[in-house]
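Engineer: Right, I'll just put the structure down here and ask away after.
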Amino acid sequence: MSNLSLFLKKNKKQRPNVRYAATQSLCDEKGKPLEWEIKPISSAEHDRIREECGIGTEGSSFWGQYREKFLTACIVYPDLYDQELQDSYGVMSAEELLRAMVDDPKEFDALYSFAYGAGDTDGIEKRIEEAKN
């Protein structure tokens, strides 16, 4: 049998935050798309969001709401709760701001896919290279 002490929380590796250019429409002064910081969320947080949105219940139609809430939980930067940023887009919530900032459906889908796999640091470089091509 193995040493149970290896399972203690102090030995658990932390999943790092990752960076991702969520949209081509927000760029720096040189025209390079701005990178967003995304954190992997816990399975407990993920379950809370799913339950809040009714995902998994028969006839649920809350898939869009789930993705918005999931992404706002994952996005560290830019701060989607920043009042000045929300005011600049004329919105009242983090979810509305996210939709206003990433208004291209393909980019939104790609952001969700990337954030959903944010904890997979082994394959992240491969996915970034694939996205560039």
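Order determines the names: the first chain of the structure tokens is A, the second B, and so forth; residues in each chain are numbered 1 upward, and ligands are numbered 1 upward as they are shown.
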Just want the 12 Å neighbourhood of Cys74 in chain A, counted on only C-alpha atoms, with same-chain residues fewer than 6 positions away dropped. Output as a ChimeraX atom specification.

Structural biologist: /A:16-20,36-42,45-46,49,67-68,80,94-95,98,111-119

Engineer: Please give the complete set of residues from range 15-125 of chain A that DSSP, run on the backbone, assigns to strand (DSSP E), formatted as a list in words.

Structural biologist: Val18, Arg19, Tyr20, Trp36, Glu37, Ile38, Ile75, Val76 and Tyr77 of chain A

Engineer: Report the distance between CA of Asp103 in chain A and CA of Asp47 in chain A in Å, rounded to one decimal place.

Structural biologist: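 Answer for the CA of Asp103 in chain A to CA of Asp47 in chain A separation: 26.1 Å.
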
Engineer: Quick one, how far is CA of Cys27 in chain A from CA of Pro105 in chain A?

Structural biologist: 18.3 Å

Engineer: Determine which residues of chain A receive a DSSP assignment of helix (DSSP H, G or I), computed from the backbone, and state them as an MDAnalysis selection string.

Structural biologist: chainID A and resid 4:7 9:11 43:53 63:74 83:89 94:101 105:116 124:132

Engineer: Take CA of Ser93 in chain A and CA of Pro33 in chain A and report the distance between them in Å, one decimal.

Structural biologist: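 CA of Pro33 in chain A lies 23.6 Å from CA of Ser93 in chain A.
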